[in-house]
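Novice: Handing you this structure, nothing more for now.
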Amino acid sequence: MSDLKKGKVQRVAGPVIVARDMLGSQMYEVVRVGEQGLIGEIIRIEEDKATVQVYEETAGIRPGEVVERTGKPLSVELGPGITGQIYDGIQRPLTVLFEKTGPFVRRGVAPSPLDRGKKWHFVPEVELGSKVTGGGDVIGEVKETSLITQRIMVPPNLSGRISSIASEGDYALTEPVAELETANGPMPLFMMHTWPVRIARPFARKLPSDTPLITGQRIMDFFFPIVKGGTAAIPGGFGTGKTVSQQQLSKWADAKVIVYVGCGERGNEMAEVLETFPKLTDPRSGEPLMNRTILVANTSNMPIAAREASVYTGITIAEYFRDMGYDVALMADSTSRWAEALREISGRLEEMPGEEGYPAYLASRLAEFYERAGRLDVQGSPKRIGSISVIGAVSPPGADFSEPVTQNTLRIVKVFWALDKDLASRRHFPAINWLTSYSLYLDNLDEWYGRIGKDWVELRKEGMYLLQRDEELREIVMLVGPDALSEGQRVILEAAKMIKEDFLIQYAYHPVDSYCAPEKAYQMIKMIIKFYKRMQKSVDENIPLQKVLDLPVKTEISRMRLQPSEKFQLYATELSARIDHEFDNLVLIVRR
């Protein structure tokens, strides 16, 4: 660092400073600003002047203070010890910061993201003399947690022959575990390496996905599914349940690794995440959920520039685990706050504003982020397939979905889970509007879901038809009153009501209903559609609708959600028999 020429602060404008005497500096190079050594990143170069966005509070920085170059871009450290950590937007471990500085983080403090002193048990996977290439070849393994085994890979952009390999044993991250003979001479390999956050990690090729990312949320899995390696957006106004939805997905999605990025959300919401996640148990393994989770926390009261960097930090960590062959789910909460950080920095740079003051490059930045998702062949040996599914919450002001962040996100993602304020005010959660939401992965997944039930697709179409007809009939009722409806139309209203209340509503904090397996969701909708068809047939045979609605089995259907998944098949068989029995009895009673 000392060999590089130092600059001087010329001007300060919030999180952005202009430094002079910076000849030789590069775009996106990390610098240290002022006596306290605040971390910053060069985002513009003009002659000998460099514009730097500072990731910490710049109050007190004055012209003339030193700007020290590092010669490196903003990068994250990747290696054993990263799982279970809680980082800020530039990968400073918050637990270590708390120990060093207390509840108020001092400026300029930048502890190592990974613990240099801890030893990890390394198991070699290559032989002496093996030829390896960067970006994927595995040289060994480390059992990081009870749920995650890290594959120690040759860093991208390196290749050569293994001239030495460590024997199985315990090593610190600073101890070499192998030596690579390259064209430029011997190169030591460690269990960790760094990677610039703004550059996507290389891969062999992208693959089409025909496997769903099971979320355990009925409306998502049944009506609007997402694939492994897919992209989704959850837009909604204040209080509609974006953060709870993201947390539910973090807890229950069947990804092997979860990366949760809280970029600009309220401090109390992020505090709840940080408090609850370490206490949660992984439902599939019974182990602590943090054994496969990485949290990146950058709340709305933290420095604005670090918020802009936080999503890149999160997606780079996700790519690291994807390259090991894991299915990764990344939750970004919320991309609107990230876009606001872009807008503020753009304003400080005096750039020409676009729509609603956002920079003209908003769409391309969003696309760059979401396009790092995907299911793909990983480079290197052994052959591996990994995926990153990106689910971004969007917080449009006033729940206006026509604003730029929502509209630009919609052009990119393939699943749209639109949260509705009216549903939320009626305590219908998850408050996903079934009429405005959509998934473009339905055709890809029909075959997979067909293995659960051959009539899955037909049931989904029938359920959506009832919900759409319900909306049309409600408009008629509002215009001319309920007396204008025939008995057959009232049957549709009642069936749609059952779907909404008994199937789509799901209790996030209920021990049983918080997660619903696809097999249970299939049986539930099958019971509702069966009841609807029997109800329709009874009304056609002049049986009063009210008598049908008074059947005890209807109450039992409303309690289906509270039955455990493992016992549901037997329960559904008995319930189906009860539906037939009670309807048959009703027909006999009326005919007498």
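Letters for chains follow the order of the structure tokens (A, B, ...), residue numbers begin at 1 for each chain, and ligand numbers begin at 1 in the order shown.
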Write out as a short mmCIF file (atom, residue, chain, number, x, y, z; two decimals) with N, CA, C and O atoms, in the first residue's frame each polymer residue whose atoms come within 10 Å of Ser112 in chain A, counting only C-alpha atoms; drop sequence neighbours fewer than 3 positions from it.

Specialist:
data_model
loop_
_atom_site.label_atom_id
_atom_site.label_comp_id
_atom_site.auth_asym_id
_atom_site.auth_seq_id
_atom_site.Cartn_x
_atom_site.Cartn_y
_atom_site.Cartn_z
N GLU A 77 -13.71 -11.89 1.01
CA GLU A 77 -12.91 -13.07 1.34
C GLU A 77 -13.82 -14.29 1.35
O GLU A 77 -14.90 -14.26 1.95
N GLN A 91 -18.63 -6.58 4.03
CA GLN A 91 -18.14 -7.83 4.62
C GLN A 91 -17.30 -7.62 5.88
O GLN A 91 -16.35 -8.35 6.13
N ARG A 92 -17.67 -6.65 6.69
CA ARG A 92 -17.06 -6.56 8.02
C ARG A 92 -17.93 -7.37 8.98
O ARG A 92 -19.15 -7.18 9.01
N PRO A 93 -17.36 -8.31 9.73
CA PRO A 93 -18.17 -9.16 10.63
C PRO A 93 -18.72 -8.33 11.79
O PRO A 93 -17.96 -7.79 12.59
N VAL A 96 -17.75 -9.40 15.42
CA VAL A 96 -16.40 -8.99 15.80
C VAL A 96 -16.35 -7.49 16.07
O VAL A 96 -15.71 -7.03 17.01
N VAL A 109 -12.59 1.07 11.40
CA VAL A 109 -12.30 -0.26 11.93
C VAL A 109 -12.72 -1.30 10.89
O VAL A 109 -13.87 -1.33 10.48
N ASP A 115 -11.82 -15.57 10.23
CA ASP A 115 -10.93 -15.73 11.39
C ASP A 115 -9.61 -16.37 10.96
O ASP A 115 -9.56 -17.53 10.54
N ARG A 116 -8.52 -15.60 11.07
CA ARG A 116 -7.21 -16.09 10.63
C ARG A 116 -6.63 -17.13 11.59
O ARG A 116 -5.82 -17.97 11.19
#

Novice: Where does DSSP see strand (DSSP E) in range 115-239 of chain A, if you list the residues as a short mmCIF file (atom, residue, chain, number, x, y, z; two decimals) with all heavy atoms, in the first residue's frame?

Specialist:
data_model
loop_
_atom_site.label_atom_id
_atom_site.label_comp_id
_atom_site.auth_asym_id
_atom_site.auth_seq_id
_atom_site.Cartn_x
_atom_site.Cartn_y
_atom_site.Cartn_z
N LYS A 119 -8.30 -23.01 13.17
CA LYS A 119 -7.81 -24.10 12.32
C LYS A 119 -8.99 -24.93 11.81
O LYS A 119 -9.93 -25.19 12.54
CB LYS A 119 -6.81 -24.97 13.08
CG LYS A 119 -5.48 -24.28 13.36
CD LYS A 119 -4.47 -25.23 13.96
CE LYS A 119 -3.14 -24.53 14.19
NZ LYS A 119 -2.41 -24.28 12.95
N TRP A 120 -8.87 -25.36 10.55
CA TRP A 120 -9.91 -26.17 9.90
C TRP A 120 -9.30 -27.49 9.45
O TRP A 120 -8.14 -27.53 9.04
CB TRP A 120 -10.49 -25.41 8.71
CG TRP A 120 -11.13 -24.12 9.07
CD1 TRP A 120 -10.56 -22.89 9.11
CD2 TRP A 120 -12.48 -23.93 9.49
NE1 TRP A 120 -11.46 -21.94 9.51
CE2 TRP A 120 -12.65 -22.55 9.75
CE3 TRP A 120 -13.58 -24.79 9.67
CZ2 TRP A 120 -13.87 -22.00 10.19
CZ3 TRP A 120 -14.78 -24.26 10.09
CH2 TRP A 120 -14.92 -22.88 10.35
N HIS A 121 -10.12 -28.54 9.51
CA HIS A 121 -9.63 -29.87 9.13
C HIS A 121 -9.70 -30.01 7.61
O HIS A 121 -10.78 -30.10 7.02
CB HIS A 121 -10.46 -30.96 9.81
CG HIS A 121 -9.87 -32.32 9.66
ND1 HIS A 121 -8.74 -32.73 10.36
CD2 HIS A 121 -10.21 -33.38 8.86
CE1 HIS A 121 -8.44 -33.98 10.02
NE2 HIS A 121 -9.32 -34.38 9.11
N PHE A 122 -8.54 -30.06 6.98
CA PHE A 122 -8.43 -30.11 5.52
C PHE A 122 -8.20 -31.54 5.06
O PHE A 122 -7.34 -32.24 5.59
CB PHE A 122 -7.27 -29.21 5.06
CG PHE A 122 -6.98 -29.29 3.59
CD1 PHE A 122 -7.77 -28.62 2.67
CD2 PHE A 122 -5.90 -30.04 3.11
CE1 PHE A 122 -7.50 -28.68 1.31
CE2 PHE A 122 -5.62 -30.11 1.76
CZ PHE A 122 -6.42 -29.42 0.85
N VAL A 123 -9.01 -31.96 4.08
CA VAL A 123 -8.87 -33.30 3.49
C VAL A 123 -8.50 -33.12 2.01
O VAL A 123 -9.31 -32.61 1.23
CB VAL A 123 -10.17 -34.11 3.61
CG1 VAL A 123 -10.00 -35.51 3.00
CG2 VAL A 123 -10.62 -34.22 5.06
N PRO A 124 -7.28 -33.50 1.59
CA PRO A 124 -6.88 -33.30 0.18
C PRO A 124 -7.69 -34.19 -0.76
O PRO A 124 -8.05 -35.30 -0.41
CB PRO A 124 -5.40 -33.68 0.17
CG PRO A 124 -5.22 -34.58 1.36
CD PRO A 124 -6.22 -34.14 2.39
N LYS A 131 -2.76 -31.76 -12.93
CA LYS A 131 -2.96 -30.47 -13.59
C LYS A 131 -4.33 -29.93 -13.19
O LYS A 131 -5.33 -30.64 -13.25
CB LYS A 131 -2.88 -30.62 -15.11
CG LYS A 131 -1.47 -30.84 -15.62
CD LYS A 131 -1.42 -30.84 -17.13
CE LYS A 131 0.02 -30.99 -17.62
NZ LYS A 131 0.09 -30.98 -19.10
N VAL A 132 -4.35 -28.67 -12.77
CA VAL A 132 -5.61 -28.06 -12.34
C VAL A 132 -5.78 -26.71 -13.01
O VAL A 132 -4.81 -26.06 -13.40
CB VAL A 132 -5.66 -27.89 -10.80
CG1 VAL A 132 -5.70 -29.22 -10.09
CG2 VAL A 132 -4.50 -27.05 -10.30
N THR A 133 -7.04 -26.31 -13.16
CA THR A 133 -7.36 -25.00 -13.72
C THR A 133 -8.21 -24.22 -12.73
O THR A 133 -8.92 -24.81 -11.90
CB THR A 133 -8.13 -25.12 -15.05
OG1 THR A 133 -9.30 -25.92 -14.83
CG2 THR A 133 -7.27 -25.78 -16.12
N VAL A 138 -11.33 -28.76 -7.68
CA VAL A 138 -11.32 -28.94 -6.22
C VAL A 138 -10.02 -29.59 -5.80
O VAL A 138 -9.62 -30.63 -6.35
CB VAL A 138 -12.53 -29.80 -5.78
CG1 VAL A 138 -12.49 -30.07 -4.28
CG2 VAL A 138 -13.84 -29.12 -6.15
N ILE A 139 -9.34 -28.98 -4.81
CA ILE A 139 -8.09 -29.57 -4.31
C ILE A 139 -8.27 -30.22 -2.94
O ILE A 139 -7.41 -30.97 -2.49
CB ILE A 139 -6.96 -28.52 -4.25
CG1 ILE A 139 -7.32 -27.38 -3.29
CG2 ILE A 139 -6.64 -27.98 -5.63
CD1 ILE A 139 -6.16 -26.44 -3.01
N GLY A 140 -9.41 -29.93 -2.27
CA GLY A 140 -9.65 -30.53 -0.96
C GLY A 140 -10.99 -30.13 -0.41
O GLY A 140 -11.75 -29.38 -1.05
N GLU A 141 -11.31 -30.65 0.76
CA GLU A 141 -12.60 -30.36 1.40
C GLU A 141 -12.39 -30.00 2.87
O GLU A 141 -11.46 -30.48 3.52
CB GLU A 141 -13.54 -31.56 1.30
CG GLU A 141 -14.06 -31.82 -0.10
CD GLU A 141 -15.13 -32.91 -0.13
OE1 GLU A 141 -15.26 -33.65 0.88
OE2 GLU A 141 -15.84 -33.01 -1.16
N VAL A 142 -13.29 -29.16 3.38
CA VAL A 142 -13.31 -28.78 4.79
C VAL A 142 -14.75 -28.88 5.28
O VAL A 142 -15.66 -28.29 4.68
CB VAL A 142 -12.79 -27.34 5.00
CG1 VAL A 142 -13.05 -26.88 6.43
CG2 VAL A 142 -11.31 -27.25 4.68
N LYS A 143 -14.96 -29.65 6.33
CA LYS A 143 -16.30 -29.74 6.94
C LYS A 143 -16.49 -28.48 7.78
O LYS A 143 -16.01 -28.37 8.91
CB LYS A 143 -16.39 -31.00 7.80
CG LYS A 143 -17.76 -31.25 8.42
CD LYS A 143 -18.75 -31.78 7.41
CE LYS A 143 -20.05 -32.21 8.07
NZ LYS A 143 -21.08 -32.61 7.10
N THR A 149 -20.23 -28.69 3.71
CA THR A 149 -18.84 -29.07 3.48
C THR A 149 -18.29 -28.17 2.38
O THR A 149 -18.80 -28.19 1.25
CB THR A 149 -18.73 -30.54 3.05
OG1 THR A 149 -19.20 -31.37 4.13
CG2 THR A 149 -17.28 -30.91 2.74
N GLN A 150 -17.29 -27.37 2.70
CA GLN A 150 -16.71 -26.48 1.70
C GLN A 150 -15.73 -27.23 0.83
O GLN A 150 -14.87 -27.97 1.34
CB GLN A 150 -16.02 -25.29 2.38
CG GLN A 150 -16.98 -24.22 2.83
CD GLN A 150 -16.36 -22.83 2.74
OE1 GLN A 150 -15.38 -22.60 2.04
NE2 GLN A 150 -16.94 -21.89 3.47
N ARG A 151 -15.87 -27.04 -0.47
CA ARG A 151 -14.91 -27.60 -1.42
C ARG A 151 -13.87 -26.52 -1.70
O ARG A 151 -14.21 -25.46 -2.23
CB ARG A 151 -15.63 -28.05 -2.69
CG ARG A 151 -16.64 -29.16 -2.41
CD ARG A 151 -17.43 -29.56 -3.65
NE ARG A 151 -18.28 -30.69 -3.34
CZ ARG A 151 -19.58 -30.59 -3.00
NH1 ARG A 151 -20.13 -29.40 -2.93
NH2 ARG A 151 -20.28 -31.66 -2.72
N ILE A 152 -12.64 -26.77 -1.34
CA ILE A 152 -11.57 -25.79 -1.53
C ILE A 152 -11.15 -25.84 -3.00
O ILE A 152 -10.64 -26.87 -3.48
CB ILE A 152 -10.38 -26.08 -0.60
CG1 ILE A 152 -10.84 -26.21 0.85
CG2 ILE A 152 -9.33 -24.99 -0.75
CD1 ILE A 152 -11.59 -24.99 1.39
N MET A 153 -11.38 -24.74 -3.70
CA MET A 153 -11.18 -24.70 -5.15
C MET A 153 -9.97 -23.84 -5.51
O MET A 153 -9.62 -22.91 -4.78
CB MET A 153 -12.44 -24.15 -5.84
CG MET A 153 -13.69 -24.99 -5.61
SD MET A 153 -15.19 -24.18 -6.20
CE MET A 153 -15.42 -22.90 -4.97
N SER A 159 -3.92 -21.45 -13.00
CA SER A 159 -3.88 -22.83 -13.50
C SER A 159 -2.43 -23.30 -13.47
O SER A 159 -1.49 -22.49 -13.46
CB SER A 159 -4.45 -22.93 -14.91
OG SER A 159 -3.69 -22.13 -15.81
N GLY A 160 -2.23 -24.60 -13.46
CA GLY A 160 -0.88 -25.14 -13.42
C GLY A 160 -0.88 -26.57 -12.92
O GLY A 160 -1.90 -27.28 -12.98
N ARG A 161 0.27 -27.00 -12.37
CA ARG A 161 0.42 -28.36 -11.88
C ARG A 161 0.67 -28.32 -10.38
O ARG A 161 1.41 -27.48 -9.87
CB ARG A 161 1.61 -29.04 -12.59
CG ARG A 161 1.81 -30.51 -12.28
CD ARG A 161 2.99 -31.07 -13.07
NE ARG A 161 4.22 -30.37 -12.75
CZ ARG A 161 4.99 -30.64 -11.70
NH1 ARG A 161 4.65 -31.62 -10.85
NH2 ARG A 161 6.10 -29.96 -11.47
N ILE A 162 0.02 -29.24 -9.66
CA ILE A 162 0.19 -29.30 -8.21
C ILE A 162 1.59 -29.83 -7.89
O ILE A 162 1.90 -31.00 -8.17
CB ILE A 162 -0.88 -30.22 -7.56
CG1 ILE A 162 -2.29 -29.65 -7.78
CG2 ILE A 162 -0.61 -30.39 -6.07
CD1 ILE A 162 -2.61 -28.41 -7.01
N SER A 163 2.44 -28.96 -7.35
CA SER A 163 3.81 -29.37 -7.03
C SER A 163 3.93 -29.85 -5.58
O SER A 163 4.90 -30.53 -5.23
CB SER A 163 4.79 -28.21 -7.28
OG SER A 163 4.40 -27.06 -6.56
N SER A 164 2.95 -29.47 -4.73
CA SER A 164 2.91 -30.03 -3.37
C SER A 164 1.49 -29.91 -2.84
O SER A 164 0.76 -28.98 -3.21
CB SER A 164 3.89 -29.30 -2.44
OG SER A 164 3.40 -28.02 -2.10
N ILE A 165 1.10 -30.86 -2.01
CA ILE A 165 -0.25 -30.86 -1.43
C ILE A 165 -0.12 -31.28 0.03
O ILE A 165 0.60 -32.22 0.36
CB ILE A 165 -1.21 -31.81 -2.21
CG1 ILE A 165 -2.63 -31.76 -1.64
CG2 ILE A 165 -0.68 -33.23 -2.25
CD1 ILE A 165 -3.39 -30.52 -2.01
N GLY A 169 -5.18 -32.82 7.76
CA GLY A 169 -4.86 -32.26 9.07
C GLY A 169 -5.51 -30.91 9.27
O GLY A 169 -6.31 -30.46 8.44
N ASP A 170 -5.15 -30.26 10.38
CA ASP A 170 -5.75 -28.97 10.74
C ASP A 170 -4.81 -27.83 10.34
O ASP A 170 -3.62 -27.84 10.69
CB ASP A 170 -6.01 -28.91 12.25
CG ASP A 170 -7.04 -29.95 12.69
OD1 ASP A 170 -7.85 -30.38 11.82
OD2 ASP A 170 -7.04 -30.34 13.86
N TYR A 171 -5.38 -26.85 9.62
CA TYR A 171 -4.59 -25.72 9.13
C TYR A 171 -5.38 -24.42 9.32
O TYR A 171 -6.62 -24.40 9.25
CB TYR A 171 -4.27 -25.88 7.64
CG TYR A 171 -3.50 -27.14 7.30
CD1 TYR A 171 -4.18 -28.32 7.00
CD2 TYR A 171 -2.11 -27.15 7.31
CE1 TYR A 171 -3.48 -29.48 6.70
CE2 TYR A 171 -1.41 -28.32 7.01
CZ TYR A 171 -2.10 -29.47 6.71
OH TYR A 171 -1.41 -30.62 6.42
N ALA A 172 -4.64 -23.33 9.54
CA ALA A 172 -5.25 -22.00 9.58
C ALA A 172 -5.37 -21.47 8.15
O ALA A 172 -4.72 -21.99 7.22
CB ALA A 172 -4.40 -21.06 10.43
N ALA A 178 -1.43 -26.15 -0.46
CA ALA A 178 -0.91 -26.72 -1.71
C ALA A 178 -0.02 -25.68 -2.37
O ALA A 178 -0.05 -24.49 -2.00
CB ALA A 178 -2.06 -27.11 -2.65
N GLU A 179 0.78 -26.14 -3.34
CA GLU A 179 1.58 -25.21 -4.14
C GLU A 179 1.34 -25.53 -5.60
O GLU A 179 1.31 -26.70 -6.00
CB GLU A 179 3.06 -25.33 -3.81
CG GLU A 179 3.90 -24.26 -4.50
CD GLU A 179 5.36 -24.29 -4.05
OE1 GLU A 179 6.10 -25.16 -4.56
OE2 GLU A 179 5.72 -23.46 -3.21
N LEU A 180 1.15 -24.48 -6.38
CA LEU A 180 0.81 -24.62 -7.80
C LEU A 180 1.99 -24.13 -8.63
O LEU A 180 2.48 -23.01 -8.43
CB LEU A 180 -0.44 -23.80 -8.10
CG LEU A 180 -1.12 -24.01 -9.45
CD1 LEU A 180 -1.67 -25.43 -9.57
CD2 LEU A 180 -2.25 -23.00 -9.63
N GLU A 181 2.47 -24.97 -9.53
CA GLU A 181 3.54 -24.58 -10.44
C GLU A 181 2.89 -23.92 -11.66
O GLU A 181 2.21 -24.59 -12.45
CB GLU A 181 4.34 -25.81 -10.86
CG GLU A 181 5.67 -25.48 -11.53
CD GLU A 181 6.64 -24.77 -10.60
OE1 GLU A 181 6.81 -25.22 -9.45
OE2 GLU A 181 7.20 -23.75 -11.03
N THR A 182 3.05 -22.61 -11.78
CA THR A 182 2.43 -21.86 -12.88
C THR A 182 3.50 -21.36 -13.83
O THR A 182 4.71 -21.50 -13.59
CB THR A 182 1.63 -20.67 -12.33
OG1 THR A 182 2.55 -19.69 -11.82
CG2 THR A 182 0.68 -21.08 -11.22
N GLY A 185 5.92 -19.10 -12.14
CA GLY A 185 6.62 -19.61 -10.97
C GLY A 185 5.68 -20.25 -9.97
O GLY A 185 4.46 -20.33 -10.19
N PRO A 186 6.20 -20.73 -8.84
CA PRO A 186 5.35 -21.40 -7.85
C PRO A 186 4.39 -20.43 -7.19
O PRO A 186 4.73 -19.28 -6.93
CB PRO A 186 6.36 -21.97 -6.85
CG PRO A 186 7.60 -21.16 -7.03
CD PRO A 186 7.62 -20.72 -8.46
N MET A 187 3.19 -20.91 -6.92
CA MET A 187 2.14 -20.08 -6.32
C MET A 187 1.51 -20.87 -5.16
O MET A 187 0.95 -21.95 -5.39
CB MET A 187 1.07 -19.74 -7.35
CG MET A 187 -0.06 -18.88 -6.84
SD MET A 187 0.40 -17.15 -6.65
CE MET A 187 0.68 -16.68 -8.36
N PRO A 188 1.59 -20.37 -3.91
CA PRO A 188 0.95 -21.10 -2.81
C PRO A 188 -0.58 -20.99 -2.88
O PRO A 188 -1.12 -19.95 -3.30
CB PRO A 188 1.49 -20.37 -1.56
CG PRO A 188 1.83 -19.00 -2.04
CD PRO A 188 2.26 -19.14 -3.46
N LEU A 189 -1.27 -22.05 -2.51
CA LEU A 189 -2.74 -22.05 -2.47
C LEU A 189 -3.19 -22.18 -1.02
O LEU A 189 -2.67 -23.01 -0.27
CB LEU A 189 -3.30 -23.21 -3.29
CG LEU A 189 -3.02 -23.20 -4.81
CD1 LEU A 189 -3.64 -24.43 -5.46
CD2 LEU A 189 -3.53 -21.93 -5.46
N HIS A 193 -9.63 -17.40 -0.58
CA HIS A 193 -9.17 -16.48 -1.61
C HIS A 193 -10.13 -15.30 -1.67
O HIS A 193 -11.18 -15.31 -1.03
CB HIS A 193 -9.06 -17.18 -2.98
CG HIS A 193 -10.38 -17.60 -3.57
ND1 HIS A 193 -10.99 -18.78 -3.23
CD2 HIS A 193 -11.21 -17.00 -4.45
CE1 HIS A 193 -12.13 -18.91 -3.89
NE2 HIS A 193 -12.29 -17.82 -4.64
N THR A 194 -9.76 -14.28 -2.41
CA THR A 194 -10.64 -13.10 -2.54
C THR A 194 -11.17 -13.02 -3.97
O THR A 194 -10.58 -13.58 -4.90
CB THR A 194 -9.88 -11.81 -2.20
OG1 THR A 194 -8.77 -11.67 -3.10
CG2 THR A 194 -9.37 -11.82 -0.77
N TRP A 195 -12.31 -12.31 -4.11
CA TRP A 195 -12.90 -12.13 -5.44
C TRP A 195 -13.58 -10.76 -5.49
O TRP A 195 -14.31 -10.40 -4.57
CB TRP A 195 -13.92 -13.24 -5.73
CG TRP A 195 -14.46 -13.14 -7.13
CD1 TRP A 195 -15.67 -12.64 -7.53
CD2 TRP A 195 -13.79 -13.52 -8.33
NE1 TRP A 195 -15.80 -12.69 -8.88
CE2 TRP A 195 -14.65 -13.23 -9.42
CE3 TRP A 195 -12.54 -14.07 -8.60
CZ2 TRP A 195 -14.30 -13.47 -10.74
CZ3 TRP A 195 -12.19 -14.32 -9.92
CH2 TRP A 195 -13.07 -14.03 -10.97
N PRO A 196 -13.35 -9.97 -6.57
CA PRO A 196 -14.00 -8.66 -6.69
C PRO A 196 -15.51 -8.79 -6.83
O PRO A 196 -16.00 -9.59 -7.64
CB PRO A 196 -13.37 -8.04 -7.95
CG PRO A 196 -12.55 -9.09 -8.58
CD PRO A 196 -12.44 -10.26 -7.67
N ARG A 205 -21.40 -23.23 -18.40
CA ARG A 205 -22.56 -22.87 -19.23
C ARG A 205 -23.81 -22.87 -18.38
O ARG A 205 -23.90 -23.58 -17.37
CB ARG A 205 -22.74 -23.84 -20.40
CG ARG A 205 -23.08 -25.26 -20.00
CD ARG A 205 -23.02 -26.21 -21.17
NE ARG A 205 -23.32 -27.58 -20.76
CZ ARG A 205 -24.48 -28.19 -20.97
NH1 ARG A 205 -25.45 -27.58 -21.61
NH2 ARG A 205 -24.68 -29.44 -20.55
N LYS A 206 -24.78 -22.07 -18.80
CA LYS A 206 -26.06 -22.04 -18.10
C LYS A 206 -26.95 -23.17 -18.60
O LYS A 206 -26.89 -23.57 -19.76
CB LYS A 206 -26.77 -20.69 -18.32
CG LYS A 206 -26.26 -19.59 -17.42
CD LYS A 206 -27.26 -18.46 -17.24
CE LYS A 206 -26.75 -17.48 -16.19
NZ LYS A 206 -27.70 -16.39 -15.90
N LEU A 207 -27.79 -23.67 -17.70
CA LEU A 207 -28.66 -24.81 -18.02
C LEU A 207 -30.11 -24.40 -17.83
O LEU A 207 -30.43 -23.57 -16.96
CB LEU A 207 -28.36 -25.98 -17.09
CG LEU A 207 -26.94 -26.53 -17.08
CD1 LEU A 207 -26.76 -27.51 -15.94
CD2 LEU A 207 -26.61 -27.19 -18.41
N THR A 231 -35.52 -16.26 -10.95
CA THR A 231 -35.56 -14.92 -10.38
C THR A 231 -37.01 -14.55 -10.07
O THR A 231 -37.92 -14.90 -10.82
CB THR A 231 -34.99 -13.89 -11.37
OG1 THR A 231 -35.66 -14.02 -12.63
CG2 THR A 231 -33.50 -14.09 -11.57
N ALA A 232 -37.20 -13.87 -8.95
CA ALA A 232 -38.55 -13.48 -8.53
C ALA A 232 -38.50 -12.13 -7.85
O ALA A 232 -37.47 -11.74 -7.27
CB ALA A 232 -39.15 -14.54 -7.59
N ALA A 233 -39.62 -11.42 -7.90
CA ALA A 233 -39.74 -10.14 -7.20
C ALA A 233 -40.98 -10.18 -6.32
O ALA A 233 -42.01 -10.74 -6.70
CB ALA A 233 -39.86 -8.99 -8.21
N ILE A 234 -40.85 -9.57 -5.12
CA ILE A 234 -41.99 -9.45 -4.20
C ILE A 234 -42.22 -7.96 -3.94
O ILE A 234 -41.66 -7.40 -2.99
CB ILE A 234 -41.74 -10.17 -2.86
CG1 ILE A 234 -41.19 -11.57 -3.07
CG2 ILE A 234 -43.02 -10.24 -2.04
CD1 ILE A 234 -40.91 -12.31 -1.78
N PRO A 235 -43.00 -7.29 -4.79
CA PRO A 235 -43.26 -5.87 -4.54
C PRO A 235 -44.50 -5.69 -3.65
O PRO A 235 -45.44 -6.48 -3.69
CB PRO A 235 -43.51 -5.31 -5.94
CG PRO A 235 -44.10 -6.46 -6.69
CD PRO A 235 -43.57 -7.73 -6.07
#

Novice: Select, from A:Gly347, A:Gly79, A:Pro111, A:Gly229, the residue with the minimum atom-to-atom distance to Ser389 in chain A, counting only C-alpha atoms.

Specialist: A:Gly229

Novice: Using only C-alpha atoms, which protein or nucleic acid residues come within 10 Å of Ala309 in chain A? Drop anything in the same chain fewer than 4 positions from it, and give the result as a list in words.

Specialist: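 The contact residues come out as Glu41, Tyr55, Leu74, Asp88, Gly89, Ile90, Gln91, Val197, Arg198, Cys263, Asn298, Ile304, Ala305, Thr313, Gly314, Trp338, Ala341 and Leu342 of chain A.
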
Novice: Step one, run DSSP on the backbone; step two, keep only residues of range 236-351 of chain A assigned to helix (DSSP H, G or I); then write them as an MDAnalysis selection string.

Specialist: chainID A and resid 242:252 267:279 289:292 304:322 335:348

Novice: Nearest to Ile43 in chain A among A:Asp483, A:Glu356, A:Glu29, A:Glu574, with distances taken over only C-alpha atoms: which residue is it?

Specialist: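 Between A:Asp483, A:Glu356, A:Glu29, A:Glu574, the residue approaching Ile43 in chain A most closely is A:Glu29.
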
Novice: Name all residues at most 7 Å from Val9 in chain A (count only C-alpha atoms; drop same-chain ones fewer than 3 positions away) and give them as a VMD selection string.

Specialist: chain A and resid 17 to 20 63 to 67

Novice: Find, counting only C-alpha atoms, the residue in A:Asp446, A:Asp48, A:Glu144, A:Glu582 that gets nearest to Gly24 in chain A.

Specialist: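 Ranking A:Asp446, A:Asp48, A:Glu144, A:Glu582 by distance to Gly24 in chain A, first place goes to A:Asp48.
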
Novice: Skip range 537-539 of chain A itself and residues of its chain fewer than 2 positions away, then list as a list in words all residues within 10 Å of it, counting only C-alpha atoms.

Specialist: Glu487, Gly488, Arg490, Val491, Phe531, Tyr532, Lys533, Arg534, Met535, Glu541, Asn542, Ile543, Pro544, Leu545, Gln546, Lys547, Val548, Phe583, Asp584, Leu586 and Val587 of chain A
